[in-house]
>>> print(open('target_31.cif').read())   # mmCIF, C-alpha atoms and all ligand atoms
data_query
#
loop_
_atom_site.label_atom_id
_atom_site.label_comp_id
_atom_site.auth_asym_id
_atom_site.auth_seq_id
_atom_site.Cartn_x
_atom_site.Cartn_y
_atom_site.Cartn_z
CA GLY A 1 0.00 0.00 0.00
CA ASP A 2 0.91 3.65 -0.26
CA ASP A 3 1.88 3.97 3.39
CA LYS A 4 4.12 0.95 3.68
CA THR A 5 7.65 2.21 3.39
CA SER A 6 11.15 1.44 4.48
CA ALA A 7 10.23 2.48 8.02
CA ASP A 8 8.00 -0.54 8.37
CA TYR A 9 10.49 -3.18 7.44
CA TYR A 10 13.85 -1.52 7.91
CA PHE A 11 14.76 -3.12 11.20
CA ASP A 12 12.92 -6.27 10.26
CA SER A 13 14.74 -6.72 7.00
CA TYR A 14 17.98 -7.14 8.90
CA SER A 15 16.48 -9.54 11.43
CA HIS A 16 15.30 -11.76 8.62
CA PHE A 17 19.01 -12.01 7.97
CA ASP A 18 19.24 -10.54 4.58
CA PHE A 19 22.45 -12.50 3.96
CA LEU A 20 22.71 -11.39 0.39
CA LEU A 21 22.50 -7.73 1.28
CA ILE A 22 25.05 -8.10 4.06
CA GLN A 23 27.31 -10.09 1.77
CA GLU A 24 26.89 -7.51 -0.99
CA MET A 25 28.08 -4.81 1.41
CA LEU A 26 31.03 -6.85 2.64
CA LYS A 27 32.02 -7.75 -0.93
CA ASP A 28 31.81 -4.12 -1.96
CA VAL A 29 35.57 -3.70 -1.76
CA VAL A 30 35.47 0.02 -2.46
CA ARG A 31 33.42 0.35 0.72
CA THR A 32 34.90 -2.28 3.00
CA LYS A 33 38.55 -1.99 1.88
CA THR A 34 38.45 1.76 2.36
CA TYR A 35 37.33 1.33 5.97
CA GLN A 36 39.97 -1.37 6.47
CA ASN A 37 42.71 0.80 5.00
CA VAL A 38 41.61 3.80 7.02
CA ILE A 39 41.95 1.75 10.20
CA TYR A 40 45.01 -0.39 9.37
CA LYS A 41 47.03 2.46 7.87
CA ASN A 42 46.22 4.81 10.73
CA SER A 43 46.55 2.46 13.65
CA PHE A 44 48.14 5.29 15.67
CA LEU A 45 44.69 6.93 15.74
CA PHE A 46 43.03 3.82 17.21
CA LYS A 47 45.70 2.48 19.57
CA ASP A 48 44.43 2.49 23.17
CA LYS A 49 41.26 4.38 22.17
CA VAL A 50 37.67 3.64 23.12
CA VAL A 51 35.62 3.18 19.95
CA LEU A 52 31.86 3.14 19.31
CA ASP A 53 30.74 1.26 16.18
CA VAL A 54 27.30 2.62 15.26
CA GLY A 55 25.29 -0.09 13.48
CA ALA A 56 27.89 -2.85 13.67
CA GLY A 57 26.16 -5.51 11.54
CA THR A 58 28.52 -8.49 11.51
CA GLY A 59 31.00 -6.47 13.59
CA ILE A 60 33.49 -6.12 10.75
CA LEU A 61 34.50 -2.52 11.54
CA SER A 62 34.84 -3.35 15.24
CA LEU A 63 37.12 -6.27 14.35
CA PHE A 64 39.32 -3.96 12.25
CA CYS A 65 39.61 -1.56 15.20
CA ALA A 66 40.32 -4.31 17.72
CA LYS A 67 43.00 -5.73 15.45
CA VAL A 68 45.01 -2.49 15.47
CA GLY A 69 44.94 -2.16 19.24
CA ALA A 70 41.84 -0.22 20.26
CA LYS A 71 41.47 -0.32 24.03
CA HIS A 72 37.80 -1.20 23.84
CA VAL A 73 35.13 -1.28 21.13
CA TYR A 74 31.39 -1.02 21.73
CA ALA A 75 29.63 -2.60 18.77
CA VAL A 76 25.98 -1.52 18.79
CA GLU A 77 23.55 -3.29 16.48
CA CYS A 78 19.77 -3.20 16.69
CA SER A 79 18.94 -6.22 14.55
CA SER A 80 19.41 -9.83 15.53
CA MET A 81 22.61 -9.77 13.48
CA ALA A 82 23.95 -8.63 16.88
CA ASP A 83 23.79 -12.29 18.02
CA MET A 84 25.96 -13.29 15.08
CA ALA A 85 28.37 -10.42 15.76
CA GLN A 86 28.65 -11.70 19.32
CA GLN A 87 29.64 -15.16 18.09
CA ILE A 88 31.98 -13.79 15.46
CA VAL A 89 33.79 -11.69 18.06
CA MET A 90 34.18 -14.74 20.28
CA GLN A 91 35.32 -17.05 17.49
CA ASN A 92 37.99 -14.58 16.50
CA GLY A 93 39.29 -14.16 20.02
CA PHE A 94 38.27 -10.55 20.64
CA SER A 95 35.73 -11.00 23.45
CA ASN A 96 37.92 -9.08 25.84
CA VAL A 97 38.15 -6.03 23.53
CA ILE A 98 34.76 -5.89 21.76
CA SER A 99 31.43 -5.68 23.59
CA VAL A 100 28.46 -6.29 21.33
CA LEU A 101 25.36 -4.44 22.52
CA LYS A 102 22.05 -5.36 20.98
CA GLY A 103 19.64 -2.45 20.67
CA LYS A 104 19.03 0.87 19.02
CA ILE A 105 21.64 3.54 19.60
CA GLU A 106 18.81 5.80 20.71
CA GLU A 107 17.74 3.31 23.43
CA ILE A 108 20.83 1.49 24.71
CA GLU A 109 23.05 2.41 27.61
CA LEU A 110 26.82 2.34 27.24
CA PRO A 111 28.90 1.28 30.24
CA VAL A 112 31.11 4.35 29.66
CA SER A 113 30.12 8.01 29.51
CA GLU A 114 32.50 8.94 26.70
CA VAL A 115 34.14 7.41 23.64
CA ASP A 116 37.20 8.69 21.74
CA ILE A 117 36.12 7.55 18.29
CA ILE A 118 32.85 6.88 16.47
CA ILE A 119 32.99 4.70 13.40
CA SER A 120 29.97 3.93 11.25
CA GLU A 121 28.91 2.94 7.78
CA TRP A 122 25.61 4.78 7.72
CA MET A 123 25.35 5.88 4.08
CA GLY A 124 22.20 4.95 2.18
CA TYR A 125 21.23 5.23 -1.46
CA PHE A 126 21.31 8.90 -2.47
CA LEU A 127 23.44 9.24 0.70
CA LEU A 128 20.43 9.99 2.87
CA TYR A 129 17.93 7.22 2.21
CA GLU A 130 17.11 5.42 5.48
CA ASN A 131 18.28 8.46 7.41
CA MET A 132 20.86 6.66 9.55
CA LEU A 133 23.02 9.77 9.66
CA ASN A 134 20.80 11.09 12.44
CA THR A 135 21.64 8.01 14.50
CA VAL A 136 25.33 8.84 14.15
CA LEU A 137 24.71 12.47 15.13
CA TYR A 138 22.73 11.27 18.15
CA ALA A 139 25.65 9.07 19.24
CA ARG A 140 28.09 11.94 18.65
CA ASP A 141 26.14 14.33 20.86
CA LYS A 142 25.66 11.77 23.61
CA TRP A 143 29.05 10.06 23.87
CA LEU A 144 31.82 11.53 21.74
CA VAL A 145 34.54 13.13 23.85
CA ARG A 146 35.44 16.76 23.08
CA GLY A 147 37.92 16.63 20.22
CA GLY A 148 36.97 13.04 19.42
CA VAL A 149 37.03 11.74 15.87
CA ILE A 150 34.25 10.42 13.61
CA PHE A 151 34.99 8.07 10.70
CA PRO A 152 34.05 9.15 8.07
CA ASP A 153 33.88 12.86 8.92
CA LYS A 154 32.89 14.38 5.58
CA ALA A 155 30.26 13.52 2.97
CA ALA A 156 29.25 15.33 -0.19
CA LEU A 157 26.38 15.00 -2.66
CA TYR A 158 26.85 15.73 -6.39
CA LEU A 159 24.65 16.15 -9.42
CA THR A 160 25.17 15.63 -13.14
CA ALA A 161 22.97 15.07 -16.22
CA ILE A 162 22.75 12.13 -18.61
CA GLU A 163 21.45 11.01 -21.96
CA ASP A 164 19.25 7.95 -21.33
CA ALA A 165 16.75 7.71 -24.19
CA ASP A 166 16.58 3.92 -24.46
CA TYR A 167 16.05 3.23 -20.79
CA LYS A 168 13.55 6.06 -20.32
CA GLU A 169 11.58 4.83 -23.31
CA ASP A 170 11.62 1.26 -22.03
CA LYS A 171 10.80 1.93 -18.38
CA ILE A 172 8.82 5.18 -18.29
CA GLU A 173 7.22 5.95 -21.66
CA PHE A 174 6.13 2.29 -21.81
CA TRP A 175 3.06 3.23 -19.76
CA ASN A 176 1.76 5.65 -22.41
CA ASN A 177 0.65 2.81 -24.63
CA VAL A 178 0.22 -0.67 -23.23
CA TYR A 179 -1.26 -2.93 -25.90
CA GLY A 180 -3.03 0.14 -27.22
CA PHE A 181 -4.27 1.44 -23.84
CA ASP A 182 -3.28 4.62 -22.03
CA MET A 183 -1.75 3.78 -18.64
CA SER A 184 0.04 7.09 -18.24
CA CYS A 185 -1.29 7.44 -14.66
CA ILE A 186 1.28 4.76 -13.78
CA ARG A 187 3.95 6.61 -15.74
CA LYS A 188 3.36 9.58 -13.47
CA LEU A 189 4.00 7.49 -10.36
CA SER A 190 6.98 5.66 -11.77
CA ILE A 191 8.77 8.83 -12.81
CA SER A 192 8.47 10.12 -9.23
CA GLU A 193 10.57 7.27 -7.89
CA PRO A 194 14.29 7.81 -8.28
CA LEU A 195 15.97 4.76 -9.74
CA VAL A 196 19.10 3.26 -8.20
CA ASP A 197 21.21 2.04 -11.09
CA VAL A 198 24.62 2.17 -12.70
CA VAL A 199 25.19 5.01 -15.13
CA GLU A 200 27.78 4.61 -17.91
CA ARG A 201 30.36 7.33 -18.08
CA ASN A 202 29.64 7.97 -21.78
CA GLN A 203 26.03 8.93 -20.91
CA ILE A 204 27.20 12.02 -19.05
CA VAL A 205 26.31 15.20 -20.94
CA THR A 206 27.26 18.00 -18.55
CA ASP A 207 29.86 18.73 -15.91
CA CYS A 208 29.27 17.67 -12.31
CA GLN A 209 28.10 20.03 -9.63
CA LEU A 210 28.70 19.81 -5.92
CA LEU A 211 25.29 20.17 -4.26
CA LYS A 212 25.97 19.85 -0.56
CA THR A 213 28.78 19.03 1.82
CA MET A 214 28.23 17.57 5.25
CA ASP A 215 30.65 17.94 8.11
CA ILE A 216 29.69 15.03 10.36
CA CYS A 217 31.58 16.40 13.38
CA ASN A 218 29.84 19.78 13.40
CA MET A 219 26.56 19.60 11.50
CA ASP A 220 23.23 19.33 13.24
CA SER A 221 20.44 16.95 12.45
CA GLY A 222 18.44 19.68 10.70
CA ASP A 223 21.17 19.94 8.05
CA VAL A 224 19.94 16.74 6.40
CA SER A 225 17.21 18.97 4.93
CA PHE A 226 18.49 21.53 2.46
CA THR A 227 17.94 23.35 -0.80
CA ALA A 228 20.88 23.74 -3.13
CA PRO A 229 21.11 25.54 -6.46
CA PHE A 230 22.86 23.98 -9.45
CA LYS A 231 24.20 25.01 -12.83
CA LEU A 232 25.09 22.18 -15.18
CA VAL A 233 27.13 23.13 -18.24
CA ALA A 234 26.81 20.91 -21.33
CA GLU A 235 30.06 19.40 -22.56
CA ARG A 236 28.56 18.42 -25.93
CA ASP A 237 25.37 18.75 -28.03
CA ASP A 238 22.99 16.11 -26.71
CA TYR A 239 19.64 15.34 -25.07
CA ILE A 240 19.22 15.18 -21.31
CA HIS A 241 16.72 12.62 -19.99
CA ALA A 242 17.66 12.50 -16.35
CA LEU A 243 19.71 14.03 -13.59
CA VAL A 244 21.99 11.76 -11.61
CA ALA A 245 22.98 12.13 -7.97
CA TYR A 246 25.87 10.43 -6.21
CA PHE A 247 28.02 11.00 -3.15
CA ASP A 248 31.48 10.65 -1.78
CA VAL A 249 32.76 10.29 1.78
CA SER A 250 36.14 11.25 3.23
CA PHE A 251 38.17 10.40 6.25
CA THR A 252 40.09 13.64 6.67
CA LYS A 253 41.67 12.79 10.02
CA CYS A 254 43.89 10.13 8.48
CA HIS A 255 47.61 10.64 8.03
CA LYS A 256 46.78 11.15 4.37
CA LEU A 257 43.25 11.98 3.13
CA MET A 258 41.28 8.80 2.34
CA GLY A 259 37.78 8.16 1.05
CA PHE A 260 35.77 6.95 -1.90
CA SER A 261 33.30 8.21 -4.47
CA THR A 262 30.16 6.50 -5.73
CA GLY A 263 30.18 8.58 -8.93
CA PRO A 264 29.77 7.19 -12.47
CA LYS A 265 33.45 7.83 -13.21
CA SER A 266 34.64 5.81 -10.21
CA ARG A 267 34.72 2.08 -9.60
CA ALA A 268 31.15 0.84 -9.07
CA THR A 269 29.84 0.28 -5.55
CA HIS A 270 26.65 -1.30 -4.25
CA TRP A 271 25.21 2.23 -3.93
CA LYS A 272 25.37 2.65 -7.73
CA GLN A 273 23.94 6.09 -8.65
CA THR A 274 20.50 7.62 -8.19
CA VAL A 275 18.71 8.55 -11.42
CA LEU A 276 15.90 11.14 -11.48
CA TYR A 277 14.05 11.08 -14.79
CA LEU A 278 12.84 14.39 -16.20
CA GLU A 279 9.36 14.92 -17.65
CA ASP A 280 10.94 16.72 -20.57
CA VAL A 281 13.66 15.75 -22.96
CA VAL A 282 16.07 18.67 -22.78
CA SER A 283 17.95 19.46 -26.00
CA ILE A 284 21.14 21.15 -24.97
CA CYS A 285 24.03 22.57 -26.97
CA LYS A 286 27.64 22.50 -25.87
CA GLY A 287 28.27 25.34 -23.43
CA GLU A 288 24.60 25.91 -22.58
CA VAL A 289 23.45 25.70 -18.98
CA LEU A 290 20.68 23.81 -17.23
CA THR A 291 20.01 25.69 -13.99
CA GLY A 292 17.81 24.86 -11.06
CA SER A 293 17.69 23.76 -7.47
CA MET A 294 17.23 20.59 -5.52
CA SER A 295 15.47 20.41 -2.14
CA VAL A 296 16.00 17.34 -0.02
CA SER A 297 14.26 16.42 3.21
CA PRO A 298 13.24 13.34 5.18
CA ASN A 299 9.57 12.51 4.58
CA LYS A 300 7.44 13.85 7.43
CA LYS A 301 5.49 10.64 7.91
CA ASN A 302 8.29 8.19 7.23
CA PRO A 303 11.60 9.84 8.03
CA ARG A 304 13.55 6.99 6.40
CA ASP A 305 12.11 8.03 3.05
CA VAL A 306 13.51 11.05 1.26
CA ASP A 307 11.45 13.76 -0.48
CA ILE A 308 13.18 15.53 -3.33
CA ILE A 309 11.92 18.60 -5.17
CA LEU A 310 13.72 19.37 -8.39
CA LYS A 311 13.33 22.71 -10.16
CA TYR A 312 15.04 23.17 -13.49
CA SER A 313 15.01 25.58 -16.35
CA MET A 314 16.75 26.02 -19.61
CA ASN A 315 16.91 28.89 -22.05
CA GLY A 316 18.89 27.55 -24.96
CA ARG A 317 18.94 27.74 -28.72
CA HIS A 318 16.82 24.61 -29.23
CA CYS A 319 14.99 24.35 -25.96
CA GLN A 320 13.30 26.73 -23.52
CA LEU A 321 11.54 25.28 -20.51
CA SER A 322 10.99 25.52 -16.79
CA ARG A 323 9.54 22.86 -14.54
CA THR A 324 9.24 21.51 -10.98
CA GLN A 325 9.16 17.78 -10.23
CA HIS A 326 8.58 15.91 -6.99
CA TYR A 327 10.28 12.63 -6.18
CA ARG A 328 10.25 10.26 -3.25
CA MET A 329 12.83 7.62 -2.39
CA ARG A 330 10.98 4.79 -0.73
N1 LIG A 401 28.98 -1.80 10.11
C1 LIG A 401 28.52 -2.90 9.28
C2 LIG A 401 27.04 -2.80 8.92
C3 LIG A 401 26.63 -1.53 8.20
S1 LIG A 401 24.90 -1.53 7.71
C4 LIG A 401 29.39 -2.98 8.04
O1 LIG A 401 30.06 -2.01 7.75
O2 LIG A 401 29.37 -3.99 7.35
C5 LIG A 401 24.16 -0.56 8.98
C6 LIG A 401 23.75 -1.35 10.22
O3 LIG A 401 23.25 -0.42 11.14
C7 LIG A 401 22.63 -2.36 9.99
O4 LIG A 401 23.07 -3.61 10.47
C8 LIG A 401 21.46 -1.83 10.81
O5 LIG A 401 20.71 -2.87 11.43
C9 LIG A 401 22.17 -0.99 11.87
N2 LIG A 401 21.39 0.13 12.43
C10 LIG A 401 20.62 1.02 11.74
N3 LIG A 401 20.06 1.91 12.56
C11 LIG A 401 20.47 1.59 13.82
C12 LIG A 401 20.21 2.14 15.11
N4 LIG A 401 19.41 3.21 15.25
N5 LIG A 401 20.79 1.56 16.19
C13 LIG A 401 21.59 0.47 16.03
N6 LIG A 401 21.87 -0.10 14.84
C14 LIG A 401 21.33 0.44 13.74
#
>>> encode(input="target_31.cif", output="structure tokens", more="lines below")
Ligand code: SAH
Amino acid sequence: GDDKTSADYYFDSYSHFDFLLIQEMLKDVVRTKTYQNVIYKNSFLFKDKVVLDVGAGTGILSLFCAKVGAKHVYAVECSSMADMAQQIVMQNGFSNVISVLKGKIEEIELPVSEVDIIISEWMGYFLLYENMLNTVLYARDKWLVRGGVIFPDKAALYLTAIEDADYKEDKIEFWNNVYGFDMSCIRKLSISEPLVDVVERNQIVTDCQLLKTMDICNMDSGDVSFTAPFKLVAERDDYIHALVAYFDVSFTKCHKLMGFSTGPKSRATHWKQTVLYLEDVVSICKGEVLTGSMSVSPNKKNPRDVDIILKYSMNGRHCQLSRTQHYRMR
């Protein structure tokens, strides 16, 4: 039904042991190797420190920290994967260093009043889907010692534009004529759902624009809602069918800056990219500009969903238009 969203099955989906999803994340080497490198290559940051792992899953990040000499790691996990994490910690001989705590960050009690480090892999599709960033900010405000470090500590959201005629035709315009019948009411719904998929680098028509940066150490929870302007400059004559959003994260407190990007020009990750189809096909000439703004906010009823309002306009040689579209990640 219309009201059933991620909020209803989010915690459940993990307790059904979505092995494939968990495996997909672990096998995402861009993701997991970056965290491992951050920890192993900066062991001086972790040695003798008290660490909080927010949303520990299998406990993998806690194990990395324990391995390089953290004094103690609190691995908090709300799903029943916590029971597995507990066993994994034991089987690998880290029971004295890692305490697995089963529960929501917002509800559990830690046996200590402060931690030196918070580590978490909280990023969702479109960075903000599932809204776990607020859980990290909650933990930061409650337990992180003054001057403590958060891994990662920076995130940024970007926007670009692509040519995608074939796919748009196949998936969206399909509804205009189904065996001779007009089902365009479904088209309207389907275009309002951003699509998580891999974009080929040769589809990119414009430059990329930084939309929003997030400073995890200093931002407040309200900053996950924002409106950002954009100006995308065409790099060739082409048609634009969709805008594409992606993010990167950085660990700036490392000896040397580390991080990864989920952009279409980087090695693919399980986050892929987020594609927002446009009502119009925009004909753009090299050097012309598609301007607009994007507003992002957690859905009021289901804060794990994301509402996106896209405004765009174009005043070019072959195309003049102006439009507002509403999307919802669910
Ligand atoms: N750290 C693991 C898992 C990351 S997935 C890894 O890197 O592989 C995020 C995890 O956070 C999920 O297992 C989810 O159940 C957990 N989680 C989400 N919100 C939470 C909350 N409020 N409190 C505790 N755990 C949470």
>>> closest_residue(input="target_31.cif", among="A:Val50, A:Val224, A:Val281, A:Leu137", to="ligand LIG 401 (chain A)", atoms="only C-alpha atoms and all ligand atoms")
A:Leu137
>>> residues_around(input="target_31.cif", residues="stretch 151-154 of chain A", least_positions_apart="4", cutoff="9 Å", atoms="only C-alpha atoms", output="list in words")
Tyr35, Val38, Ile117, Ile118, Ile119, Ser120, Glu121, Thr213, Met214, Asp215, Ile216, Cys217, Asp248, Val249, Ser250, Phe251, Thr252, Lys253 and Gly259 of chain A
>>> residues_near_ligand(input="target_31.cif", ligand="ligand LIG 401 (chain A)", cutoff="7 Å", atoms="only C-alpha atoms and all ligand atoms", output="number ranges by chain")
A: 11, 14, 22, 25-26, 32, 54-61, 76-79, 81, 103-106, 120-122, 132, 135
>>> closest_residue(input="target_31.cif", among="A:Val289, A:Ala242, A:Ala82, A:Ala268", to="A:Gln325", atoms="only C-alpha atoms")
A:Ala242
>>> closest_atom_pairs(input="target_31.cif", of="stretch 99-213 of chain A", to="stretch 296-317 of chain A", cutoff="6 Å", atoms="only C-alpha atoms", output="CSV")
residue,atom,partner,partner_atom,distance
A:Tyr129,CA,A:Val306,CA,5.9
A:Glu130,CA,A:Arg304,CA,4.0
A:Asn131,CA,A:Arg304,CA,5.1
>>> closest_residue(input="target_31.cif", among="A:Met329, A:Ile88, A:Arg323, A:Leu278", to="A:Ile191", atoms="all atoms listed in the file")
A:Leu278
>>> residues_around(input="target_31.cif", residues="stretch 165-179 of chain A", least_positions_apart="2", cutoff="12 Å", atoms="all atoms listed in the file", output="PyMOL selection string")
chain A and resi 162-163+181-195+197-199+203+238-242+275-283
>>> atom_distance(input="target_31.cif", atom1="atom CA of A:Gly69", atom2="atom CA of A:Lys47")
4.7 Å
>>> closest_residue(input="target_31.cif", among="A:Lys49, A:Lys67, A:Lys286, A:Arg328", to="A:Glu235", atoms="only C-alpha atoms")
A:Lys286
>>> atom_distance(input="target_31.cif", atom1="atom CA of A:Ser99", atom2="atom CA of A:Phe64")
13.9 Å
>>> residues_around(input="target_31.cif", residues="A:Leu159", least_positions_apart="3", cutoff="9 Å", atoms="only C-alpha atoms", output="NGL selection string")
:A and (207-211 or 230 or 232 or 243-247)
>>> axis_aligned_box(input="target_31.cif", around="stretch 67-70 of chain A", padding_each_side="8 Å", output="AutoDock Vina command-line options")
--center_x 43.4 --center_y -3.0 --center_z 17.9 --size_x 19.2 --size_y 21.5 --size_z 20.8
>>> atom_distance(input="target_31.cif", atom1="atom CA of A:Tyr74", atom2="atom CA of A:Lys142")
14.1 Å
>>> closest_residue(input="target_31.cif", among="A:Met294, A:Leu127, A:Val51, A:Ile150", to="A:Lys231", atoms="only C-alpha atoms")
A:Met294
>>> residues_around(input="target_31.cif", residues="A:Phe94", least_positions_apart="3", cutoff="12 Å", atoms="all atoms listed in the file", output="PDB file with C-alpha atoms, in the coordinates of the input")
ATOM      1  CA  GLY A  59      31.000  -6.470  13.590  1.00  0.00           C
ATOM      2  CA  ILE A  60      33.490  -6.120  10.750  1.00  0.00           C
ATOM      3  CA  SER A  62      34.840  -3.350  15.240  1.00  0.00           C
ATOM      4  CA  LEU A  63      37.120  -6.270  14.350  1.00  0.00           C
ATOM      5  CA  PHE A  64      39.320  -3.960  12.250  1.00  0.00           C
ATOM      6  CA  CYS A  65      39.610  -1.560  15.200  1.00  0.00           C
ATOM      7  CA  ALA A  66      40.320  -4.310  17.720  1.00  0.00           C
ATOM      8  CA  LYS A  67      43.000  -5.730  15.450  1.00  0.00           C
ATOM      9  CA  VAL A  68      45.010  -2.490  15.470  1.00  0.00           C
ATOM     10  CA  GLY A  69      44.940  -2.160  19.240  1.00  0.00           C
ATOM     11  CA  ALA A  70      41.840  -0.220  20.260  1.00  0.00           C
ATOM     12  CA  LYS A  71      41.470  -0.320  24.030  1.00  0.00           C
ATOM     13  CA  HIS A  72      37.800  -1.200  23.840  1.00  0.00           C
ATOM     14  CA  VAL A  73      35.130  -1.280  21.130  1.00  0.00           C
ATOM     15  CA  TYR A  74      31.390  -1.020  21.730  1.00  0.00           C
ATOM     16  CA  ALA A  75      29.630  -2.600  18.770  1.00  0.00           C
ATOM     17  CA  ALA A  85      28.370 -10.420  15.760  1.00  0.00           C
ATOM     18  CA  GLN A  86      28.650 -11.700  19.320  1.00  0.00           C
ATOM     19  CA  GLN A  87      29.640 -15.160  18.090  1.00  0.00           C
ATOM     20  CA  ILE A  88      31.980 -13.790  15.460  1.00  0.00           C
ATOM     21  CA  VAL A  89      33.790 -11.690  18.060  1.00  0.00           C
ATOM     22  CA  MET A  90      34.180 -14.740  20.280  1.00  0.00           C
ATOM     23  CA  GLN A  91      35.320 -17.050  17.490  1.00  0.00           C
ATOM     24  CA  VAL A  97      38.150  -6.030  23.530  1.00  0.00           C
ATOM     25  CA  ILE A  98      34.760  -5.890  21.760  1.00  0.00           C
ATOM     26  CA  SER A  99      31.430  -5.680  23.590  1.00  0.00           C
ATOM     27  CA  VAL A 100      28.460  -6.290  21.330  1.00  0.00           C
TER      28      VAL A 100
END
>>> closest_residue(input="target_31.cif", among="A:Leu52, A:Met84, A:Leu110, A:Thr160", to="A:Leu144", atoms="all atoms listed in the file")
A:Leu52
